[in-house]
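K.L.:
Data: upload.txt, compact mmCIF, C-alpha atoms.
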```
# COMPACT_ATOMS: atom_id res chain seq x y z
CA MET A 256 67.62 164.22 101.31
CA LYS A 257 65.18 162.51 98.96
CA ARG A 258 67.87 162.41 96.31
CA PHE A 259 70.27 160.77 98.80
CA LEU A 260 67.66 158.14 99.78
CA SER A 261 66.95 157.41 96.13
CA LEU A 262 70.64 156.93 95.50
CA CYS A 263 70.93 154.56 98.46
CA LEU A 264 67.91 152.60 97.27
CA ALA A 265 69.38 152.33 93.81
CA LEU A 266 72.67 151.08 95.23
CA CYS A 267 70.87 148.51 97.37
CA LEU A 268 68.97 147.24 94.36
CA MET A 269 72.20 146.99 92.42
CA MET A 270 73.88 145.06 95.24
CA THR A 271 70.89 142.72 95.54
CA ALA A 272 70.99 142.05 91.84
CA PHE A 273 74.73 141.39 92.07
CA VAL A 274 74.28 138.89 94.93
CA ILE A 275 71.47 137.07 93.10
CA SER A 276 73.58 136.99 89.97
CA ALA A 277 76.59 135.67 91.90
CA ASN A 278 74.49 133.04 93.62
CA ALA A 279 73.00 131.98 90.31
CA GLU A 280 76.41 131.46 88.75
CA ASN A 281 76.90 127.88 87.69
CA VAL A 282 79.44 126.06 89.84
CA THR A 283 80.91 122.59 89.35
CA LEU A 284 82.54 120.81 92.27
CA ASN A 285 84.73 117.72 92.09
CA PHE A 286 84.04 115.24 94.88
CA ALA A 287 86.69 112.51 95.36
CA ILE A 288 86.03 109.15 97.05
CA TRP A 289 87.72 105.73 96.97
CA ASP A 290 84.94 103.14 97.32
CA LYS A 291 82.96 102.18 94.21
CA ASN A 292 80.42 100.40 96.44
CA GLN A 293 79.53 103.77 97.93
CA GLN A 294 79.48 105.68 94.65
CA PRO A 295 75.68 105.39 94.19
CA GLY A 296 75.10 106.76 97.69
CA MET A 297 77.44 109.69 97.20
CA GLU A 298 75.93 110.46 93.80
CA ALA A 299 72.48 110.43 95.38
CA ILE A 300 73.62 112.96 97.99
CA ALA A 301 75.12 115.11 95.23
CA ALA A 302 71.88 114.87 93.25
CA ALA A 303 69.79 115.88 96.27
CA TYR A 304 71.97 118.93 96.80
CA HIS A 305 71.78 119.81 93.08
CA GLU A 306 67.98 119.60 93.21
CA ALA A 307 67.94 122.23 95.94
CA HIS A 308 70.73 124.23 94.27
CA PRO A 309 70.34 123.81 90.49
CA GLU A 310 73.28 126.11 89.86
CA VAL A 311 75.67 123.66 91.57
CA THR A 312 76.79 120.44 89.88
CA ILE A 313 78.83 117.92 91.84
CA ASN A 314 80.86 115.28 90.03
CA VAL A 315 81.70 112.20 92.11
CA GLU A 316 85.08 110.77 91.14
CA VAL A 317 86.15 107.30 92.34
CA THR A 318 89.82 106.40 92.70
CA PRO A 319 90.66 102.98 94.24
CA TRP A 320 92.11 103.06 97.75
CA THR A 321 95.48 101.79 96.50
CA GLU A 322 95.83 104.88 94.32
CA TYR A 323 93.69 107.43 96.16
CA TRP A 324 96.25 108.86 98.55
CA THR A 325 99.03 108.94 95.96
CA LYS A 326 96.76 110.92 93.66
CA LEU A 327 95.55 113.18 96.47
CA SER A 328 99.10 113.87 97.65
CA ALA A 329 100.19 114.85 94.16
CA ALA A 330 97.14 117.11 93.82
CA ALA A 331 97.90 118.75 97.18
CA GLU A 332 101.49 119.47 96.15
CA GLY A 333 100.26 121.00 92.91
CA GLY A 334 97.58 123.09 94.62
CA ALA A 335 94.88 121.22 92.73
CA LEU A 336 93.02 119.20 95.36
CA PRO A 337 89.42 118.18 94.57
CA ASP A 338 86.91 120.65 95.98
CA VAL A 339 85.49 118.00 98.31
CA PHE A 340 87.01 114.66 99.28
CA TRP A 341 86.80 111.85 101.79
CA MET A 342 89.26 112.04 104.66
CA HIS A 343 90.57 109.10 106.70
CA SER A 344 91.95 109.45 110.23
CA ASN A 345 95.21 107.75 109.19
CA GLN A 346 95.94 110.58 106.76
CA PHE A 347 94.22 113.50 108.46
CA TYR A 348 97.23 115.02 110.22
CA VAL A 349 99.30 114.95 107.03
CA TYR A 350 96.83 117.23 105.28
CA ALA A 351 95.81 119.24 108.33
CA GLY A 352 99.43 119.98 109.22
CA ALA A 353 100.16 121.09 105.66
CA GLY A 354 97.31 123.61 105.76
CA THR A 355 95.57 122.07 102.76
CA LEU A 356 92.14 121.58 104.37
CA LEU A 357 89.33 124.13 104.33
CA ASP A 358 88.35 125.40 107.79
CA LEU A 359 84.80 124.20 108.50
CA SER A 360 84.54 125.63 112.00
CA ASP A 361 81.91 128.19 111.05
CA LEU A 362 79.29 125.81 109.65
CA GLY A 363 77.12 126.09 112.74
CA ILE A 364 76.69 122.31 113.01
CA ASP A 365 75.47 120.64 116.20
CA TYR A 366 77.92 117.75 116.59
CA THR A 367 76.11 115.99 119.45
CA PRO A 368 74.36 113.47 117.10
CA TYR A 369 77.74 112.17 115.87
CA PRO A 370 80.05 109.76 117.73
CA GLU A 371 82.31 112.02 119.76
CA GLY A 372 85.40 110.06 118.79
CA ILE A 373 84.79 110.70 115.08
CA THR A 374 84.22 114.43 115.48
CA GLN A 375 87.38 114.81 117.55
CA LYS A 376 89.50 112.90 115.05
CA TYR A 377 89.06 115.69 112.55
CA GLN A 378 89.97 118.62 114.78
CA PHE A 379 93.32 120.34 114.48
CA GLU A 380 94.63 123.39 116.32
CA GLY A 381 91.13 124.38 117.41
CA LYS A 382 89.62 123.97 113.94
CA GLN A 383 87.10 121.48 112.59
CA LEU A 384 88.55 120.31 109.28
CA ALA A 385 86.13 117.52 108.38
CA VAL A 386 82.49 116.74 109.09
CA PRO A 387 81.74 113.15 110.19
CA LYS A 388 80.40 110.97 107.39
CA ASP A 389 80.01 107.51 108.92
CA TYR A 390 81.40 105.09 111.44
CA ASP A 391 82.40 101.47 111.26
CA THR A 392 82.84 98.78 113.87
CA ILE A 393 84.14 95.22 113.53
CA ALA A 394 82.01 92.06 113.81
CA LEU A 395 82.63 88.32 113.66
CA ALA A 396 81.51 86.94 110.29
CA TYR A 397 80.96 83.20 110.12
CA ASN A 398 80.10 80.70 107.41
CA LYS A 399 76.83 79.02 108.44
CA GLU A 400 77.28 76.16 105.99
CA LEU A 401 80.67 75.22 107.43
CA CYS A 402 79.35 75.49 110.99
CA ASP A 403 76.41 73.23 110.11
CA LYS A 404 78.70 70.70 108.46
CA ALA A 405 80.84 70.59 111.61
CA GLY A 406 77.77 70.31 113.84
CA LEU A 407 78.61 73.55 115.69
CA LYS A 408 76.35 76.20 117.17
CA TYR A 409 76.62 79.62 115.60
CA PRO A 410 78.65 82.30 117.43
CA ASP A 411 76.73 84.48 119.88
CA ASP A 412 77.37 87.03 122.61
CA THR A 413 78.54 84.36 125.08
CA TRP A 414 81.71 83.66 123.09
CA THR A 415 85.14 84.37 124.54
CA TRP A 416 88.63 84.00 123.08
CA ASP A 417 88.65 80.41 124.29
CA THR A 418 85.36 79.71 122.52
CA LEU A 419 86.72 81.28 119.36
CA LEU A 420 89.83 79.10 119.43
CA GLU A 421 87.95 75.90 120.27
CA ASN A 422 85.52 76.38 117.40
CA ALA A 423 88.24 77.49 114.99
CA GLN A 424 90.07 74.24 115.71
CA LYS A 425 86.93 72.21 114.99
CA LEU A 426 86.27 74.13 111.77
CA THR A 427 89.79 73.80 110.42
CA ASP A 428 89.84 71.18 107.66
CA GLU A 429 93.40 70.87 106.44
CA ALA A 430 92.56 68.24 103.81
CA ASN A 431 90.18 70.65 102.07
CA GLY A 432 92.25 73.77 102.65
CA ILE A 433 89.76 75.33 105.05
CA TYR A 434 90.89 77.32 108.10
CA GLY A 435 88.68 77.96 111.10
CA PHE A 436 89.59 81.61 111.42
CA GLY A 437 91.41 84.33 109.53
CA ALA A 438 93.95 86.38 111.50
CA PRO A 439 95.62 88.68 108.97
CA LEU A 440 98.19 91.26 109.96
CA SER A 441 95.54 93.96 110.04
CA ASP A 442 95.01 96.66 112.63
CA GLN A 443 91.36 97.74 112.89
CA SER A 444 89.88 94.40 111.86
CA GLY A 445 92.60 92.34 113.50
CA PHE A 446 95.14 92.66 116.27
CA LEU A 447 93.95 96.00 117.68
CA ASP A 448 90.61 94.49 118.71
CA PHE A 449 92.42 91.79 120.68
CA ILE A 450 94.79 94.30 122.29
CA TYR A 451 91.96 96.47 123.62
CA GLN A 452 89.83 93.47 124.62
CA ASN A 453 92.75 92.42 126.83
CA GLY A 454 93.05 95.79 128.54
CA GLY A 455 96.09 96.82 126.52
CA TYR A 456 96.53 99.64 124.05
CA GLU A 457 98.50 100.57 120.99
CA LEU A 458 98.61 104.30 121.66
CA LYS A 459 97.13 106.43 124.43
CA ASP A 460 97.80 110.12 124.98
CA ASN A 461 100.59 109.75 122.40
CA LYS A 462 102.22 107.05 124.55
CA SER A 463 103.07 103.57 123.28
CA GLY A 464 101.40 100.58 124.86
CA TYR A 465 103.82 98.04 123.42
CA ASP A 466 105.67 97.85 126.73
CA THR A 467 102.60 96.63 128.64
CA PRO A 468 102.03 92.93 129.43
CA GLU A 469 98.36 93.23 128.38
CA THR A 470 99.31 94.33 124.87
CA ARG A 471 101.95 91.64 124.48
CA GLU A 472 99.68 88.90 125.83
CA ALA A 473 96.97 89.83 123.30
CA LEU A 474 99.44 89.91 120.42
CA GLN A 475 100.84 86.53 121.41
CA PHE A 476 97.37 85.00 121.32
CA TYR A 477 96.64 86.59 117.95
CA ILE A 478 99.92 85.48 116.36
CA ASP A 479 99.56 81.99 117.85
CA LEU A 480 96.34 81.50 115.91
CA ALA A 481 98.50 81.10 112.80
CA THR A 482 101.86 79.95 114.15
CA LYS A 483 100.95 77.67 117.06
CA TYR A 484 97.37 76.54 116.66
CA LYS A 485 97.39 76.58 112.85
CA VAL A 486 93.75 77.65 112.67
CA SER A 487 94.59 80.66 110.48
CA PRO A 488 96.66 81.08 107.32
CA THR A 489 99.90 83.03 107.59
CA PRO A 490 100.21 86.73 106.66
CA GLN A 491 101.95 85.63 103.44
CA SER A 492 98.79 83.79 102.41
CA PHE A 493 96.74 86.94 102.94
CA SER A 494 99.15 89.00 100.85
CA ASP A 495 98.50 86.60 97.97
CA ILE A 496 94.73 86.35 98.46
CA SER A 497 93.04 88.79 100.83
CA ALA A 498 91.28 87.54 103.95
CA ASP A 499 87.96 88.83 102.60
CA ASP A 500 88.40 86.93 99.35
CA GLN A 501 89.36 83.77 101.22
CA PHE A 502 86.25 84.07 103.39
CA LYS A 503 83.99 84.75 100.41
CA SER A 504 85.35 81.69 98.63
CA GLY A 505 84.67 79.44 101.64
CA LYS A 506 88.31 78.94 102.67
CA LEU A 507 87.86 80.70 106.02
CA ALA A 508 85.07 79.70 108.39
CA MET A 509 85.27 82.87 110.51
CA LEU A 510 86.75 86.32 110.12
CA TYR A 511 86.67 89.75 111.79
CA VAL A 512 85.00 92.01 109.22
CA GLY A 513 84.36 95.76 109.05
CA THR A 514 81.03 97.30 108.17
CA TRP A 515 82.43 98.62 104.92
CA MET A 516 82.60 95.11 103.43
CA MET A 517 78.91 94.28 103.74
CA SER A 518 77.75 95.57 100.36
CA ASP A 519 80.59 93.67 98.73
CA TYR A 520 79.77 90.44 100.59
CA MET A 521 76.08 90.66 99.75
CA ALA A 522 76.89 91.12 96.07
CA PHE A 523 79.01 87.95 95.99
CA ASP A 524 76.84 84.97 95.09
CA ASP A 525 79.14 82.36 96.64
CA ILE A 526 78.79 83.79 100.16
CA LYS A 527 75.76 86.12 100.40
CA ASP A 528 73.38 83.38 101.57
CA LYS A 529 75.92 81.43 103.61
CA PHE A 530 77.21 83.87 106.22
CA ASP A 531 75.98 85.80 109.22
CA LEU A 532 77.38 88.10 111.88
CA ALA A 533 77.89 88.12 115.64
CA VAL A 534 79.41 90.54 118.13
CA LEU A 535 83.12 90.07 118.74
CA PRO A 536 84.14 87.41 121.27
CA GLN A 537 84.96 88.89 124.66
CA GLY A 538 88.41 89.05 126.19
CA LYS A 539 88.92 90.59 129.63
CA VAL A 540 86.53 93.30 128.43
CA ARG A 541 84.32 93.88 125.41
CA ALA A 542 85.78 96.10 122.72
CA THR A 543 85.60 96.75 119.02
CA ILE A 544 87.70 99.30 117.19
CA TYR A 545 85.64 101.92 115.44
CA ASN A 546 86.67 104.51 112.94
CA GLY A 547 84.87 106.88 110.63
CA LEU A 548 85.40 108.96 107.55
CA GLY A 549 84.94 112.69 107.21
CA TYR A 550 84.02 115.10 104.44
CA SER A 551 86.83 117.59 103.86
CA GLY A 552 87.23 120.52 101.51
CA ALA A 553 90.29 121.95 99.78
CA ALA A 554 91.68 125.16 101.19
CA THR A 555 92.50 126.13 97.60
CA THR A 556 88.99 125.64 96.21
CA ALA A 557 87.70 128.49 94.06
CA HIS A 558 84.27 128.11 95.70
CA PRO A 559 84.82 127.88 99.48
CA GLU A 560 81.31 128.96 100.50
CA VAL A 561 79.64 126.50 98.12
CA VAL A 562 81.95 123.72 99.32
CA LYS A 563 81.11 124.52 102.94
CA ASP A 564 77.40 124.50 102.21
CA PHE A 565 77.59 121.17 100.42
CA ILE A 566 79.65 119.58 103.20
CA LYS A 567 77.17 120.86 105.76
CA PHE A 568 74.39 119.20 103.77
CA ALA A 569 76.40 115.98 103.36
CA GLY A 570 76.65 115.78 107.15
CA SER A 571 72.96 116.49 107.71
CA GLU A 572 70.35 114.02 108.88
CA GLU A 573 68.78 114.05 105.41
CA ALA A 574 72.04 113.13 103.66
CA ASN A 575 72.85 110.51 106.29
CA ILE A 576 69.54 108.81 105.57
CA ILE A 577 70.36 108.87 101.86
CA GLN A 578 73.74 107.18 102.29
CA ALA A 579 72.16 104.64 104.66
CA LYS A 580 69.46 103.71 102.17
CA TYR A 581 72.11 103.18 99.51
CA LYS A 582 73.98 100.77 101.82
CA ALA A 583 76.97 103.12 101.70
CA ALA A 584 77.94 102.81 105.38
CA ILE A 585 76.56 103.19 108.90
CA PRO A 586 75.70 106.90 108.88
CA ALA A 587 77.35 109.03 111.53
CA TYR A 588 74.16 110.89 112.46
CA ALA A 589 72.49 109.21 115.44
CA GLY A 590 69.11 107.64 114.69
CA THR A 591 69.73 107.18 110.97
CA GLU A 592 71.55 103.85 111.33
CA LYS A 593 68.19 102.06 111.26
CA TYR A 594 67.91 102.84 107.55
CA PHE A 595 71.22 101.09 106.97
CA VAL A 596 70.18 98.04 109.00
CA GLU A 597 66.88 97.76 107.10
CA ASN A 598 68.82 97.18 103.88
CA PHE A 599 70.21 93.85 105.12
CA PRO A 600 67.21 91.81 106.34
CA ASN A 601 68.94 88.46 105.83
CA ILE A 602 71.91 89.02 108.15
CA ASN A 603 72.32 90.19 111.73
CA ILE A 604 73.89 93.48 110.68
CA GLY A 605 72.46 95.23 113.72
CA VAL A 606 75.46 93.98 115.72
CA TYR A 607 77.56 96.72 114.12
CA PRO A 608 75.72 99.72 115.61
CA GLU A 609 75.05 97.68 118.77
CA MET A 610 78.77 97.46 119.51
CA ILE A 611 79.38 101.22 119.31
CA SER A 612 78.34 101.33 122.98
CA TYR A 613 81.69 99.76 123.87
CA GLY A 614 83.60 100.86 120.80
CA VAL A 615 87.18 102.12 121.07
CA PRO A 616 88.13 104.96 118.71
CA PHE A 617 90.79 103.93 116.23
CA PRO A 618 94.04 105.15 117.86
CA THR A 619 95.86 107.88 116.01
CA SER A 620 98.18 110.82 116.53
CA GLN A 621 99.80 113.58 114.53
CA LYS A 622 102.89 111.41 114.05
CA LYS A 623 101.38 107.96 113.65
CA GLY A 624 102.00 108.08 109.92
CA LEU A 625 105.72 108.14 110.66
CA TRP A 626 105.76 104.85 112.57
CA VAL A 627 102.77 102.79 111.41
CA ASP A 628 104.81 101.01 108.71
CA ALA A 629 107.32 99.98 111.38
CA GLU A 630 104.45 98.42 113.31
CA TYR A 631 103.60 96.10 110.44
CA GLU A 632 107.24 95.35 109.67
CA ASN A 633 108.16 94.40 113.23
CA LEU A 634 105.03 92.37 113.95
CA GLY A 635 105.41 90.66 110.59
CA ALA A 636 108.95 89.67 111.54
CA VAL A 637 107.57 87.66 114.48
CA TYR A 638 105.75 85.34 112.08
CA THR A 639 108.96 84.66 110.14
CA GLY A 640 111.01 84.08 113.28
CA GLU A 641 113.28 87.06 112.68
CA PHE A 642 112.22 88.54 116.05
CA THR A 643 110.58 87.17 119.14
CA LEU A 644 107.40 88.99 120.12
CA ASP A 645 109.18 90.67 123.04
CA GLU A 646 111.96 91.86 120.73
CA ALA A 647 109.45 93.23 118.23
CA CYS A 648 107.47 94.99 120.97
CA ASP A 649 110.64 96.46 122.51
CA ARG A 650 111.64 97.83 119.12
CA LEU A 651 108.19 99.23 118.47
CA HIS A 652 107.98 100.85 121.89
CA SER A 653 111.28 102.62 121.26
CA ILE A 654 110.32 103.70 117.73
CA ILE A 655 106.92 105.03 118.77
CA THR A 656 108.22 106.76 121.89
CA GLU A 657 111.06 108.48 120.06
CA THR A 658 108.85 109.51 117.16
CA GLU A 659 106.03 110.85 119.30
CA GLU A 660 108.45 112.83 121.51
CA GLU A 661 110.35 114.49 118.65
```
Take the structure in this file and express it as structure tokens.
P.N.:
Amino acid sequence: MKRFLSLCLALCLMMTAFVISANAENVTLNFAIWDKNQQPGMEAIAAAYHEAHPEVTINVEVTPWTEYWTKLSAAAEGGALPDVFWMHSNQFYVYAGAGTLLDLSDLGIDYTPYPEGITQKYQFEGKQLAVPKDYDTIALAYNKELCDKAGLKYPDDTWTWDTLLENAQKLTDEANGIYGFGAPLSDQSGFLDFIYQNGGYELKDNKSGYDTPETREALQFYIDLATKYKVSPTPQSFSDISADDQFKSGKLAMLYVGTWMMSDYMAFDDIKDKFDLAVLPQGKVRATIYNGLGYSGAATTAHPEVVKDFIKFAGSEEANIIQAKYKAAIPAYAGTEKYFVENFPNINIGVYPEMISYGVPFPTSQKKGLWVDAEYENLGAVYTGEFTLDEACDRLHSIITETEEE
């Protein structure tokens, strides 16, 4: 009996030594992101994890948005996805449906501190396939210098669509090439906000809202800003020079801007001291479209448990504070947004988290990727006169309905 117990003890010691040895093995993870402005924040999170786990090194790799998804798609097809990578709701179902994402359902995370709409966006067939990283809302940015020159009061929470239009008309200075407002053909920071403020919707329960009068009325107002009232450049202008660049150069007096642009704006000398923010003007209701990124892992990673542990840390309160202090984004973890706000004492950036109380989750579905290009093509055709708005909406309603029902 003693001999048997000694043998068992020896085996246990051997197993313990094996586990310690395995845990001490050096591991390098590749962590892919697309925003260079957030690179310092992500590297700080990686460094904090490495400090607690010296055997794990995490390399943050930045690929610009315009190339990110092409590169990620090619990597997925070749079975060589990065170990950890940012996920966007627009692309989530493509990767989730292909089975390329690591199942994170067993992390034991309490998701109540995160916006419910962000957590749900990254669920697929009963699995959690990304942990919320951040959230972003849309605010009204305005050029204080141009408002002062025109003798106008700054935007505030009393503004409506009518107020927006009236002030945009007063701020438009055709002789100097200045427009009162920028209305690019953009979804989250453009026409979707107007649609939901008017009681309409783009997509709800996988059903198109392009057949509703509320959606069409909002789109007509938005398109009229450029085509009828001439207070905004045309979409062609924005394809040549982005709306953000036009605002930063003083050619737009007002613009709907996402949280993610704030670090960029504050680093641009020509605008950083000249602009401020206000909540979005109200339509029939208050609304701002919010979205959020998630941390995903590759199903093919050679180190699934390490990847899971790092992602769990990246979603923690500690890591959310780190990304907030580095101005990376509004952190998803409730209560940590104050650290983000503190980084921007010269602008009213608190309007971003303030508006989450009436935020509308960015609409998406498993098949949205199959029809979203048609949305831009058909709405763009209204500006050129190829279609009337009703014709474009009829076409879109049919395309979305048929695609979602397939």
K.L.:
Rank A:Ile313, A:Tyr369, A:Gln621, A:Asp389 by their smallest atom-to-atom distance to Gln578 (chain A), using only C-alpha atoms, and report the top residue only.
P.N.:
A:Asp389
K.L.:
Do you know which residues are at most 10 Å from Gly538 (chain A) counting all atoms listed in the file, after dropping those on the same chain fewer than 4 positions away, and could you put them as a tab-separated table (two decimals) with C-alpha atoms, keeping the file's coordinate frame?
P.N.:
```
chain	number	residue	atom	x	y	z
A	414	TRP	CA	81.71	83.66	123.09
A	415	THR	CA	85.14	84.37	124.54
A	416	TRP	CA	88.63	84.00	123.08
A	417	ASP	CA	88.65	80.41	124.29
A	448	ASP	CA	90.61	94.49	118.71
A	449	PHE	CA	92.42	91.79	120.68
A	450	ILE	CA	94.79	94.30	122.29
A	451	TYR	CA	91.96	96.47	123.62
A	452	GLN	CA	89.83	93.47	124.62
A	453	ASN	CA	92.75	92.42	126.83
A	454	GLY	CA	93.05	95.79	128.54
A	473	ALA	CA	96.97	89.83	123.30
A	542	ALA	CA	85.78	96.10	122.72
```
K.L.:
Show which residues sit within 12 Å of His558 (chain A), as an MDAnalysis selection string. Count all atoms listed in the file, and ignore same-chain residues fewer than 4 positions away.
P.N.:
chainID A and resid 277:278 280:285 311 337:339 357 552:554 562:565
K.L.:
From the options A:Met521, A:Ala438, A:Val317, A:Met342, which residue's atoms come nearest to Glu298 (chain A), counting all atoms listed in the file?
P.N.:
A:Val317
K.L.:
Quick check, in Å to one decimal: how far apart do CA of Ala331 (chain A) and CA of Gly549 (chain A) lie?
P.N.:
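Value for the CA of Ala331 (chain A)-CA of Gly549 (chain A) distance: 17.5 Å.
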K.L.:
Which of these, A:Gly381, A:Gly505, A:Gly372, A:Gly464, has the shortest distance to Leu359 (chain A) once you count all atoms listed in the file?
P.N.:
A:Gly381
